[in-house]
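Q: Take this structure first; my questions come after.
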Protein chains: 2
Amino acid sequence: MTWLDLPDDHPFGLHNLPYGVFSTAADGERRVGVRVGDHVLDLAACAEQSGMESAAVWRGGSLDAFLAEGRPAWTAAREWLQEHLTNDAQRDCVEPNLVPAAEVTMHLPFRVADFVDFYASEHHASNVGRIFRPDSEPLTPNWKHLPIGYHGRSSTVVVSGTDVVRPTGQRKPPSEPVPTFGPSVRLDIEAELGFVVGGPRTGLGDRVDLADADDHLFGVVLLNDWSARDLQAWEYVPLGPFLGKSFATSVSPWIVTTDALRDARVPLPGQDPQPLPYLSGDTVYGLDVHVEVEWNGTVVSRPEYRDMYWSPTQMLAHLSVNGASVSPGDLFGSGTISGAEPGTRGSFLELSWSGQDPVRLDDGSERTFLEDGDTVVLRATAPGPDGTVVGFGECSGTVRPAR
Amino acid sequence: MTWLDLPDDHPFGLHNLPYGVFSTAADGERRVGVRVGDHVLDLAACAEQSGMESAAVWRGGSLDAFLAEGRPAWTAAREWLQEHLTNDAQRDCVEPNLVPAAEVTMHLPFRVADFVDFYASEHHASNVGRIFRPDSEPLTPNWKHLPIGYHGRSSTVVVSGTDVVRPTGQRKPPSEPVPTFGPSVRLDIEAELGFVVGGPRTGLGDRVDLADADDHLFGVVLLNDWSARDLQAWEYVPLGPFLGKSFATSVSPWIVTTDALRDARVPLPGQDPQPLPYLSGDTVYGLDVHVEVEWNGTVVSRPEYRDMYWSPTQMLAHLSVNGASVSPGDLFGSGTISGAEPGTRGSFLELSWSGQDPVRLDDGSERTFLEDGDTVVLRATAPGPDGTVVGFGECSGTVRPAR
């Protein structure tokens, strides 16, 4: 407890300190902020007032420059923040720069460079395989040898709270001879974590080794990979998902740093067969992040990130093993987080088993896929040091009718 | 013929005027340029010297701002250029700003926003289907209903002349029980056109109608979608190509404007079945672009772009029909340009029929896939007005050993 009056068990306590970009009604200017309890610290203003030499990195209304600086700068900033927030002598440069969190508007905190989405849950991949390809093995032969991923659309990554317009496109139910056109009738979510990449851009032809991957992982957001299953099912063979995914991907506004998640590291559930050497090593871990999926006010699922098969470090090492450059602002999603139990599935496709088993909401209504006006909120927490809890905040979106 | 001494039949004559970004050895500063015959015009310097109000849009060393301005600005700039380059009275603001093309270094001319690669050649898709999925119909059931595409990696789009490091990764030949790891042994090219998108960013949930698609098509480049077939074959089911493609995509440095290609428009070969209404209309066309593929000095293929099944306007209308935003700097590839004849195939996978029929080069050597040190150059021309020829220049790359 400091003069901040911030309880140790606050999900945005001193052990967390996630970064974001906010504005206030006063002038609308975008500012880099750190969430501190129920307040947001205007980071550049505080740093300048305290005479910090590198304060300029937080100017410009995005985290882009700070992301590019890399691990040593991130660690220094975290130490600087924890010291300033607990030292009475610094109160004068902190207190005037705190804004109540309830009064700010949050924005996308960085310019998304390349967006990749993985498929790292064995339970999700198996479920989708059973639903989409009932005549084949649920897992494709490559699945346990490499973290399967594909590129998504960077420019439609939006911040939590952004409305999602129902996408329109082609679908062809198996019963129809030709495709039809119209708004998606199987609009879905995918509850994921998103990993925000930082550090200097790597060279073309170089790779990020598994052992170094953590130096490029700045932080974690909640990510909702909105998915139009009818569009996806018709389009995705042979080149993968495209319009079924590219219309919107929502992320939570606060980037929880990987530093804040040190105590949430857990062993992976187990990998068999042993991955190839470039995917094997000490820096492989899961994260004990508890996610909840709320649909119109009803919590319909509680996925556990610790059930994921592949480590975030493996995903990054794989992504770059071919020499692809890794840039600050790259974002990769984990893929839908689903566990073995029905109540831990991270998509409505799975929760309703492709629409066969409707989900009952607290208001008595039933749902299979999303209806116009529906709101989905993802929330998550993870264990912090000394019994504390690390909060991720919310990733929300409301479905609007097709245009 | 003007004081420029530029013959009418020069592939970079006044009917062409492609845009790029160059630097000179003098100071290394990146400048927007227009190719005029064997020279490059420093556009911002010329425009400023002539008192053009909007000259600032060409400052900053990239075409980003100009791309965002949209069709009216592009048309005005073209007229302004053609007037200045032919009017003796303007000679004083043009001549001092011409640099010999042989003395410049070319750079990636814009920041690539989202990169999408299509698959718009029926011959290519059929050939790949026969090679990769010999037990299935060569074309998937969706192929003639929509232009199939997927997102690629924006940050590894590189300008012609950039070396390509052989990618490393997993492959599993059908004869092996488990995957092995190492440098790709089936490194290939894909000869494509790339379409550069401009105009104001469209809103999330809005679409670019087929009738308006041309207003968002700024220009065309040659594009080599380097492909590691062994990596691709193992990874691509079910989510599509990833590391088999993401290591490098080369583009030619000069963006040939769609205005310069008006006379190259031809009817499509024919679409059957008739596409859905959002893909049907008057603004559907092919382009009579003659491409050549040179491998270590030997022209091994002459693909004709007019053989492509889908129109560039259909690709853009499809890409955004789900409400995905379209941004200036977006780039989409046509997919490999292949015709019906073996000598018109745009990939070595097809030219060598998956390695079964080696390609003989003029030096007597034989090739199936790329060897370290090999150089591939794409070139293209198209008909311009009054019997002129529109040149695209070159898109080249040399393979370097895996690191």
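The way I read the labels, and the way they are meant: chains A, B, ... in the order of the structure tokens, residue 1 as the first residue of every chain, and ligand 1 as the first ligand shown, with later ones counted on from there.
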Mind running chain A against chain B at 8 Å and telling me each contacting residue's nearest atom pair with the distance in Å (one decimal), counting only C-alpha atoms, chain and number ascending, as a tab-separated table?
A:
```
residue	atom	partner	partner_atom	distance
A:Ala113	CA	B:Ser155	CA	7.4
A:Asp114	CA	B:Arg153	CA	6.4
A:Thr140	CA	B:Val237	CA	7.1
A:Asn142	CA	B:Glu235	CA	6.6
A:His145	CA	B:Pro179	CA	7.6
A:Ile148	CA	B:Glu235	CA	7.0
A:Gly149	CA	B:Leu239	CA	6.8
A:Tyr150	CA	B:Phe242	CA	5.4
A:His151	CA	B:His151	CA	5.3
A:Gly152	CA	B:His151	CA	5.8
A:Arg153	CA	B:Asp114	CA	6.3
A:Ser154	CA	B:Asp114	CA	6.4
A:Ser155	CA	B:Asp114	CA	6.8
A:Thr156	CA	B:Ser325	CA	6.5
A:Val164	CA	B:Gly205	CA	7.5
A:Val165	CA	B:Gly205	CA	5.2
A:Arg166	CA	B:Gly205	CA	7.6
A:Pro167	CA	B:Asn322	CA	4.4
A:Thr168	CA	B:Asn322	CA	4.7
A:Gly169	CA	B:Asn322	CA	5.8
A:Pro179	CA	B:His145	CA	7.6
A:Phe181	CA	B:Leu276	CA	7.5
A:Leu204	CA	B:Thr156	CA	7.3
A:Gly205	CA	B:Val165	CA	5.3
A:Asp206	CA	B:Arg403	CA	7.2
A:Trp234	CA	B:Asn142	CA	6.8
A:Glu235	CA	B:Asn142	CA	6.6
A:Tyr236	CA	B:Leu239	CA	7.3
A:Val237	CA	B:Thr140	CA	7.1
A:Pro238	CA	B:Gly240	CA	6.4
A:Leu239	CA	B:Gly240	CA	4.1
A:Gly240	CA	B:Gly240	CA	4.1
A:Pro241	CA	B:Leu239	CA	6.3
A:Phe242	CA	B:Tyr150	CA	5.4
A:Leu243	CA	B:Asn322	CA	6.2
A:Gly244	CA	B:Asn322	CA	8.0
A:Ser246	CA	B:Ala324	CA	6.1
A:Phe247	CA	B:Ala324	CA	4.3
A:Ala248	CA	B:Ala324	CA	7.2
A:Leu276	CA	B:Phe181	CA	7.5
A:Leu319	CA	B:Leu243	CA	7.0
A:Val321	CA	B:Gly169	CA	6.2
A:Asn322	CA	B:Pro167	CA	4.4
A:Gly323	CA	B:Phe247	CA	5.6
A:Ala324	CA	B:Phe247	CA	4.3
A:Ser325	CA	B:Thr156	CA	6.5
A:Ser327	CA	B:Ser155	CA	7.7
A:Ala402	CA	B:Gly205	CA	7.6
A:Arg403	CA	B:Gly205	CA	7.0
```
Q: Using 9 Å as the limit and counting only C-alpha atoms, can you tabulate each residue of stretch 101-219 of chain B that touches stretch 69-88 of chain B, with its shortest atom-to-atom distance in Å and the two atoms involved, as CSV?
A:
```
residue,atom,partner,partner_atom,distance
B:Gly198,CA,B:Gly70,CA,5.9
B:Gly199,CA,B:Gly70,CA,3.7
B:Pro200,CA,B:Gly70,CA,6.5
B:Asp214,CA,B:Arg71,CA,8.7
B:Asp215,CA,B:Arg71,CA,5.6
B:His216,CA,B:Gly70,CA,7.0
B:Leu217,CA,B:Arg71,CA,8.5
B:Phe218,CA,B:Arg71,CA,7.6
```
Q: Since we have the selection now, will you write its residues out, keeping all heavy atoms, as a PDB file, in the first residue's frame?
A:
```
ATOM      1  N   GLY B 198      -4.868   2.362 -53.448  1.00  0.00           N
ATOM      2  CA  GLY B 198      -4.799   3.707 -52.915  1.00  0.00           C
ATOM      3  C   GLY B 198      -6.184   4.264 -52.670  1.00  0.00           C
ATOM      4  O   GLY B 198      -7.181   3.539 -52.733  1.00  0.00           O
ATOM      5  N   GLY B 199      -6.217   5.542 -52.409  1.00  0.00           N
ATOM      6  CA  GLY B 199      -7.482   6.199 -52.068  1.00  0.00           C
ATOM      7  C   GLY B 199      -7.691   6.185 -50.573  1.00  0.00           C
ATOM      8  O   GLY B 199      -7.015   5.457 -49.842  1.00  0.00           O
ATOM      9  N   PRO B 200      -8.623   6.988 -50.089  1.00  0.00           N
ATOM     10  CA  PRO B 200      -8.857   7.050 -48.646  1.00  0.00           C
ATOM     11  C   PRO B 200      -9.239   5.687 -48.090  1.00  0.00           C
ATOM     12  O   PRO B 200      -9.896   4.896 -48.773  1.00  0.00           O
ATOM     13  CB  PRO B 200     -10.034   8.030 -48.516  1.00  0.00           C
ATOM     14  CG  PRO B 200     -10.067   8.804 -49.794  1.00  0.00           C
ATOM     15  CD  PRO B 200      -9.513   7.885 -50.847  1.00  0.00           C
ATOM     16  N   ASP B 214     -11.971   0.428 -59.442  1.00  0.00           N
ATOM     17  CA  ASP B 214     -10.886   1.082 -60.185  1.00  0.00           C
ATOM     18  C   ASP B 214     -10.384   2.346 -59.490  1.00  0.00           C
ATOM     19  O   ASP B 214      -9.214   2.713 -59.644  1.00  0.00           O
ATOM     20  CB  ASP B 214     -11.342   1.409 -61.610  1.00  0.00           C
ATOM     21  CG  ASP B 214     -10.967   0.309 -62.594  1.00  0.00           C
ATOM     22  OD1 ASP B 214      -9.885  -0.289 -62.424  1.00  0.00           O
ATOM     23  OD2 ASP B 214     -11.761   0.039 -63.507  1.00  0.00           O
ATOM     24  N   ASP B 215     -11.274   2.997 -58.743  1.00  0.00           N
ATOM     25  CA  ASP B 215     -10.831   4.205 -58.036  1.00  0.00           C
ATOM     26  C   ASP B 215      -9.830   3.890 -56.929  1.00  0.00           C
ATOM     27  O   ASP B 215      -9.184   4.800 -56.405  1.00  0.00           O
ATOM     28  CB  ASP B 215     -12.040   4.926 -57.425  1.00  0.00           C
ATOM     29  CG  ASP B 215     -12.796   5.728 -58.468  1.00  0.00           C
ATOM     30  OD1 ASP B 215     -12.234   5.952 -59.561  1.00  0.00           O
ATOM     31  OD2 ASP B 215     -13.947   6.109 -58.189  1.00  0.00           O
ATOM     32  N   HIS B 216      -9.733   2.628 -56.559  1.00  0.00           N
ATOM     33  CA  HIS B 216      -8.787   2.236 -55.514  1.00  0.00           C
ATOM     34  C   HIS B 216      -7.565   1.518 -56.076  1.00  0.00           C
ATOM     35  O   HIS B 216      -6.714   1.074 -55.316  1.00  0.00           O
ATOM     36  CB  HIS B 216      -9.485   1.347 -54.482  1.00  0.00           C
ATOM     37  CG  HIS B 216     -10.474   2.085 -53.652  1.00  0.00           C
ATOM     38  ND1 HIS B 216     -10.138   2.694 -52.463  1.00  0.00           N
ATOM     39  CD2 HIS B 216     -11.782   2.356 -53.845  1.00  0.00           C
ATOM     40  CE1 HIS B 216     -11.201   3.290 -51.955  1.00  0.00           C
ATOM     41  NE2 HIS B 216     -12.228   3.096 -52.761  1.00  0.00           N
ATOM     42  N   LEU B 217      -7.508   1.384 -57.397  1.00  0.00           N
ATOM     43  CA  LEU B 217      -6.359   0.693 -57.994  1.00  0.00           C
ATOM     44  C   LEU B 217      -5.400   1.734 -58.555  1.00  0.00           C
ATOM     45  O   LEU B 217      -5.628   2.293 -59.631  1.00  0.00           O
ATOM     46  CB  LEU B 217      -6.829  -0.281 -59.077  1.00  0.00           C
ATOM     47  CG  LEU B 217      -7.648  -1.462 -58.552  1.00  0.00           C
ATOM     48  CD1 LEU B 217      -8.128  -2.339 -59.707  1.00  0.00           C
ATOM     49  CD2 LEU B 217      -6.833  -2.294 -57.570  1.00  0.00           C
ATOM     50  N   PHE B 218      -4.341   1.988 -57.811  1.00  0.00           N
ATOM     51  CA  PHE B 218      -3.378   2.999 -58.246  1.00  0.00           C
ATOM     52  C   PHE B 218      -2.476   2.498 -59.354  1.00  0.00           C
ATOM     53  O   PHE B 218      -2.236   3.185 -60.340  1.00  0.00           O
ATOM     54  CB  PHE B 218      -2.517   3.435 -57.051  1.00  0.00           C
ATOM     55  CG  PHE B 218      -1.397   4.352 -57.437  1.00  0.00           C
ATOM     56  CD1 PHE B 218      -1.643   5.668 -57.771  1.00  0.00           C
ATOM     57  CD2 PHE B 218      -0.078   3.891 -57.480  1.00  0.00           C
ATOM     58  CE1 PHE B 218      -0.601   6.520 -58.144  1.00  0.00           C
ATOM     59  CE2 PHE B 218       0.957   4.736 -57.847  1.00  0.00           C
ATOM     60  CZ  PHE B 218       0.696   6.050 -58.178  1.00  0.00           C
TER      61      PHE B 218
END
```
Q: Just the residues within 10 Å of B:Trp353, please, counting only C-alpha atoms, with nothing from its chain fewer than 3 positions along; format it as a PyMOL selection string.
A: chain B and resi 127-128+130-131+342+347-350+356-359+368
Q: Let me make sure I understand: among B:Ser23, B:Ser50, B:Ser338, B:Thr381, which one has the smallest atom-to-atom distance to B:His107 if we use only C-alpha atoms?
A: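 The shortest atom-to-atom distance to B:His107 comes from B:Ser23.
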Q: So which one's closest to B:His124, B:Leu361, B:Cys93, B:Ala101, B:Leu351? Using only C-alpha atoms, please.
A: B:Leu351
Q: Need the shell around A:Asn16: protein/DNA/RNA residues with any atom at most 6 Å away, counting only C-alpha atoms. Skip same-chain ones fewer than 4 positions apart. Format as a PyMOL selection string?
A: chain A and resi 12+260+390
Q: For A:Ser250, please output as a list in words all residues within 6 Å (counting only C-alpha atoms; exclusion window: fewer than 2 positions along the same chain).
A: Val157, Val158, Val159, Ser160, Leu223 and Asn224 of chain A
Q: Quick one: distance from atom CA of B:Val94 to atom CA of B:Leu17 in Å, one decimal?
A: 14.0 Å
Q: Which is closest to A:Asp307 among A:Val34, A:Arg262, A:Glu137, A:Glu122, if we use only C-alpha atoms?
A: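 Checking each candidate against A:Asp307, we get A:Glu122 as the closest.
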Q: Between atom CA of A:Asp8 and atom CA of A:Pro385, what is the distance, to one decimal in Å?
A: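 Pair atom CA of A:Asp8 / atom CA of A:Pro385 returns 10.3 Å.
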Q: Per DSSP on the backbone, filter stretch 309-355 of chain A down to the residues in alpha helix (DSSP H) and report them as an MDAnalysis selection string.
A: chainID A and resid 312:320 348:351
Q: How many Å lie between atom CA of A:Gly335 and atom CA of A:Val289, rounded to one decimal?
A: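 Computing the Euclidean distance for atom CA of A:Gly335 and atom CA of A:Val289 yields 14.3 Å.
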Q: What residues in stretch 144-223 of chain A get the DSSP label strand (DSSP E or B)? Please answer as a VMD selection string.
A: chain A and resid 149 to 151 157 to 159 164 to 165 168 to 171 180 to 183 187 to 188 191 to 197 217 to 223
Q: Compile the contact shell of A:Leu370 as a list of chain:residue names: residues with an atom at most 9 Å away, counting only C-alpha atoms, same-chain residues fewer than 6 positions apart removed.
A: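 Residues near the query, excluding close chain neighbours: A:Val185, A:Arg186, A:Leu187, A:Asp188, A:Ile189, A:Phe348, A:Val399.
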Q: Based on the selection just made, write C-alpha atoms of those residues as an mmCIF file, in the first residue's frame.
A:
```
data_model
loop_
_atom_site.group_PDB
_atom_site.id
_atom_site.type_symbol
_atom_site.label_atom_id
_atom_site.label_comp_id
_atom_site.auth_asym_id
_atom_site.auth_seq_id
_atom_site.Cartn_x
_atom_site.Cartn_y
_atom_site.Cartn_z
ATOM 1 C CA VAL A 185 -25.759 -16.593 -40.530
ATOM 2 C CA ARG A 186 -23.078 -18.303 -38.453
ATOM 3 C CA LEU A 187 -21.213 -15.425 -36.857
ATOM 4 C CA ASP A 188 -18.936 -16.610 -34.092
ATOM 5 C CA ILE A 189 -16.150 -15.593 -31.761
ATOM 6 C CA PHE A 348 -19.680 -20.791 -30.124
ATOM 7 C CA VAL A 399 -22.657 -7.036 -33.369
#
```
